[in-house]
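Source file upload-v3.pdb; content: PDB, C-alpha atoms.
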MODEL        1
ATOM      1  CA  MET K   1       1.272  11.083   0.730  1.00  0.00           C
ATOM      2  CA  LEU K   2      -0.635   9.112   3.306  1.00  0.00           C
ATOM      3  CA  VAL K   3      -0.796   5.320   2.999  1.00  0.00           C
ATOM      4  CA  ARG K   4      -3.543   3.562   4.930  1.00  0.00           C
ATOM      5  CA  TYR K   5      -3.285  -0.200   5.410  1.00  0.00           C
ATOM      6  CA  PHE K   6      -6.231  -2.513   6.037  1.00  0.00           C
ATOM      7  CA  ALA K   7      -6.542  -6.108   7.283  1.00  0.00           C
ATOM      8  CA  ALA K   8      -3.598  -8.313   6.169  1.00  0.00           C
ATOM      9  CA  ALA K   9      -1.743  -5.284   4.781  1.00  0.00           C
ATOM     10  CA  ARG K  10      -1.856  -3.664   8.221  1.00  0.00           C
ATOM     11  CA  ALA K  11      -0.537  -6.851   9.819  1.00  0.00           C
ATOM     12  CA  ALA K  12       2.261  -7.225   7.251  1.00  0.00           C
ATOM     13  CA  ALA K  13       3.318  -3.563   7.492  1.00  0.00           C
ATOM     14  CA  GLY K  14       3.011  -3.498  11.270  1.00  0.00           C
ATOM     15  CA  THR K  15       1.181  -0.172  11.173  1.00  0.00           C
ATOM     16  CA  GLU K  16      -2.192   1.304  10.201  1.00  0.00           C
ATOM     17  CA  THR K  17      -0.795   4.331   8.372  1.00  0.00           C
ATOM     18  CA  GLU K  18       2.416   5.893   7.225  1.00  0.00           C
ATOM     19  CA  THR K  19       3.435   9.054   5.438  1.00  0.00           C
ATOM     20  CA  LEU K  20       5.730   9.095   2.419  1.00  0.00           C
ATOM     21  CA  THR K  21       7.303  12.201   0.950  1.00  0.00           C
ATOM     22  CA  LEU K  22       7.490  11.924  -2.815  1.00  0.00           C
ATOM     23  CA  ASP K  23      10.118  14.194  -4.340  1.00  0.00           C
ATOM     24  CA  ARG K  24       9.071  13.502  -7.929  1.00  0.00           C
ATOM     25  CA  PRO K  25       6.072  12.149  -9.830  1.00  0.00           C
ATOM     26  CA  THR K  26       5.726   8.543  -8.700  1.00  0.00           C
ATOM     27  CA  THR K  27       3.570   5.708 -10.003  1.00  0.00           C
ATOM     28  CA  ARG K  28       1.531   3.386  -7.848  1.00  0.00           C
ATOM     29  CA  ARG K  29       3.927   0.584  -8.841  1.00  0.00           C
ATOM     30  CA  GLU K  30       6.887   2.642  -7.542  1.00  0.00           C
ATOM     31  CA  VAL K  31       5.027   3.363  -4.305  1.00  0.00           C
ATOM     32  CA  GLN K  32       4.394  -0.374  -3.892  1.00  0.00           C
ATOM     33  CA  ASP K  33       8.129  -1.023  -4.337  1.00  0.00           C
ATOM     34  CA  LEU K  34       8.990   1.672  -1.774  1.00  0.00           C
ATOM     35  CA  LEU K  35       6.563   0.174   0.727  1.00  0.00           C
ATOM     36  CA  ALA K  36       7.799  -3.384   0.176  1.00  0.00           C
ATOM     37  CA  HIS K  37      11.400  -2.273   0.755  1.00  0.00           C
ATOM     38  CA  ALA K  38      10.414  -0.266   3.839  1.00  0.00           C
ATOM     39  CA  HIS K  39       8.778  -3.337   5.433  1.00  0.00           C
ATOM     40  CA  PRO K  40      10.853  -6.392   4.440  1.00  0.00           C
ATOM     41  CA  HIS K  41      10.311  -8.368   7.655  1.00  0.00           C
ATOM     42  CA  PRO K  42       6.718  -9.195   8.664  1.00  0.00           C
ATOM     43  CA  ALA K  43       5.573 -10.078  12.136  1.00  0.00           C
ATOM     44  CA  PRO K  44       5.794 -13.794  12.916  1.00  0.00           C
ATOM     45  CA  GLY K  45       3.081 -15.727  11.121  1.00  0.00           C
ATOM     46  CA  GLN K  46       2.304 -12.893   8.690  1.00  0.00           C
ATOM     47  CA  PRO K  47       3.044 -12.776   4.958  1.00  0.00           C
ATOM     48  CA  CYS K  48       5.574 -10.203   3.822  1.00  0.00           C
ATOM     49  CA  LEU K  49       4.139  -6.893   2.693  1.00  0.00           C
ATOM     50  CA  ALA K  50       5.451  -7.374  -0.868  1.00  0.00           C
ATOM     51  CA  GLN K  51       3.219 -10.454  -1.239  1.00  0.00           C
ATOM     52  CA  VAL K  52       0.201  -8.680   0.187  1.00  0.00           C
ATOM     53  CA  LEU K  53       0.721  -5.653  -2.070  1.00  0.00           C
ATOM     54  CA  THR K  54       0.686  -7.760  -5.244  1.00  0.00           C
ATOM     55  CA  ARG K  55      -2.741  -9.194  -4.297  1.00  0.00           C
ATOM     56  CA  SER K  56      -4.269  -5.954  -3.046  1.00  0.00           C
ATOM     57  CA  SER K  57      -6.676  -3.444  -4.511  1.00  0.00           C
ATOM     58  CA  TYR K  58      -5.992   0.266  -4.144  1.00  0.00           C
ATOM     59  CA  LEU K  59      -8.030   3.397  -3.634  1.00  0.00           C
ATOM     60  CA  LEU K  60      -6.454   6.714  -4.589  1.00  0.00           C
ATOM     61  CA  ASN K  61      -8.233   9.528  -2.784  1.00  0.00           C
ATOM     62  CA  GLY K  62     -11.247   7.235  -2.371  1.00  0.00           C
ATOM     63  CA  ILE K  63     -11.421   6.131  -6.031  1.00  0.00           C
ATOM     64  CA  ALA K  64     -10.405   2.714  -7.374  1.00  0.00           C
ATOM     65  CA  CYS K  65      -6.860   2.747  -8.751  1.00  0.00           C
ATOM     66  CA  PRO K  66      -6.403  -0.491 -10.717  1.00  0.00           C
ATOM     67  CA  ASP K  67      -3.604   0.792 -13.007  1.00  0.00           C
ATOM     68  CA  PRO K  68      -0.147   0.400 -11.437  1.00  0.00           C
ATOM     69  CA  ASP K  69       1.173   3.104 -13.768  1.00  0.00           C
ATOM     70  CA  THR K  70      -1.124   5.772 -12.298  1.00  0.00           C
ATOM     71  CA  THR K  71       0.834   8.790 -11.062  1.00  0.00           C
ATOM     72  CA  ILE K  72       0.385   9.394  -7.346  1.00  0.00           C
ATOM     73  CA  PRO K  73       0.444  13.041  -6.224  1.00  0.00           C
ATOM     74  CA  ASP K  74       2.408  13.858  -3.070  1.00  0.00           C
ATOM     75  CA  GLU K  75      -0.714  15.005  -1.195  1.00  0.00           C
ATOM     76  CA  ALA K  76      -2.694  11.824  -2.038  1.00  0.00           C
ATOM     77  CA  VAL K  77      -4.231   9.219   0.237  1.00  0.00           C
ATOM     78  CA  LEU K  78      -3.608   5.660  -0.941  1.00  0.00           C
ATOM     79  CA  ASP K  79      -5.597   2.871   0.689  1.00  0.00           C
ATOM     80  CA  VAL K  80      -4.221  -0.681   0.481  1.00  0.00           C
ATOM     81  CA  LEU K  81      -7.067  -3.222   0.540  1.00  0.00           C
ATOM     82  CA  PRO K  82      -6.005  -6.865   0.519  1.00  0.00           C
ATOM     83  CA  PRO K  83      -8.507  -9.521  -0.510  1.00  0.00           C
ATOM     84  CA  PHE K  84     -10.770 -10.538   2.340  1.00  0.00           C
ATOM     85  CA  SER K  85     -13.943 -12.521   2.804  1.00  0.00           C
ATOM     86  CA  GLY K  86     -17.082 -11.817   4.684  1.00  0.00           C
ATOM     87  CA  GLY K  87     -19.852  -9.277   4.577  1.00  0.00           C
TER      88      GLY K  87
ENDMDL
END
What is this file in structure tokens?
Amino acid sequence: MLVRYFAAARAAAGTETETLTLDRPTTRREVQDLLAHAHPHPAPGQPCLAQVLTRSSYLLNGIACPDPDTTIPDEAVLDVLPPFSGG
């Protein structure tokens, strides 16, 4: 699956995108845990990714994914959208 990070999530992860290989059906909550463990140390002055993930909204293949128990297919695109202000 492809994970795309935006704004504060990108800063906390230190990358714009990453690819995960899921070897079994995985929930969005499990993906969040995998991502938090993969990026435990943020850049100086940035929040840790685990904190950003808990506050973020998610799009699964372009559609809102508010339920953390949603199963994520291996070929999915998951967008991580932290809260932000502005137009």
Fill in: Pick from K:Ile72, K:Ala7, K:Ala64, K:Cys48, whichever lies nearest to Leu20 (chain K) using only C-alpha atoms
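Looking only at the distances to Leu20 (chain K), the closest residue turns out to be K:Ile72.
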Worksheet item: For Arg10 (chain K), which residue out of K:Glu75, K:Thr54, K:Pro66, K:Pro47 is the nearest one, using all atoms listed in the file?
Response: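 The shortest atom-to-atom distance to Arg10 (chain K) comes from K:Pro47.
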Practice prompt. Would you translate the PyMOL selection byres ((chain K and resi 30) around 12) into the concrete set of residues it matches in this file, as a PyMOL selection string?
Written response: chain K and resi 20+22+24-29+31-37+53+67-72
Discussion item. Residues near Ile63 (chain K), anyone? I mean within 12 Å using only C-alpha atoms, not counting same-chain ones fewer than 2 positions away, as a list in words.
Written reply: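 Contacts, in chain order: Ser57, Tyr58, Leu59, Leu60, Asn61, Cys65, Pro66, Asp67, Ala76, Val77, Leu78, Asp79 and Val80 of chain K.
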Worksheet item: Hey, can you check how far CA of Leu81 (chain K) sits from CA of Ser56 (chain K)?
Response: 5.3 Å
Practice prompt. Would you mind telling me which residue in K:Met1, K:Leu49, K:Pro40, K:Gly14 lies nearest to Pro82 (chain K) when using all atoms listed in the file?
Written response: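 Closest residue, counting all atoms listed in the file: K:Leu49.
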Item to complete: Record the distance separating CA of Pro73 (chain K) and CA of Gln46 (chain K), expressed in Å with one decimal.
Response: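 Spanning CA of Pro73 (chain K) to CA of Gln46 (chain K) is a straight-line distance of 30.0 Å.
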Discussion item. If we count all atoms listed in the file and set the cut-off at 9 Å, which residues sit around Thr19 (chain K), ignoring sequence neighbours fewer than 4 positions away in its own chain? Please answer as a list in words.
Written reply: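 Skipping anything fewer than 4 positions along the chain leaves Met1, Leu2, Val3 and Arg4 of chain K.
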Discussion item. If I take CA of His41 (chain K) and CA of Thr21 (chain K), how far is one from the other in Å, to one decimal?
Written reply: 21.8 Å
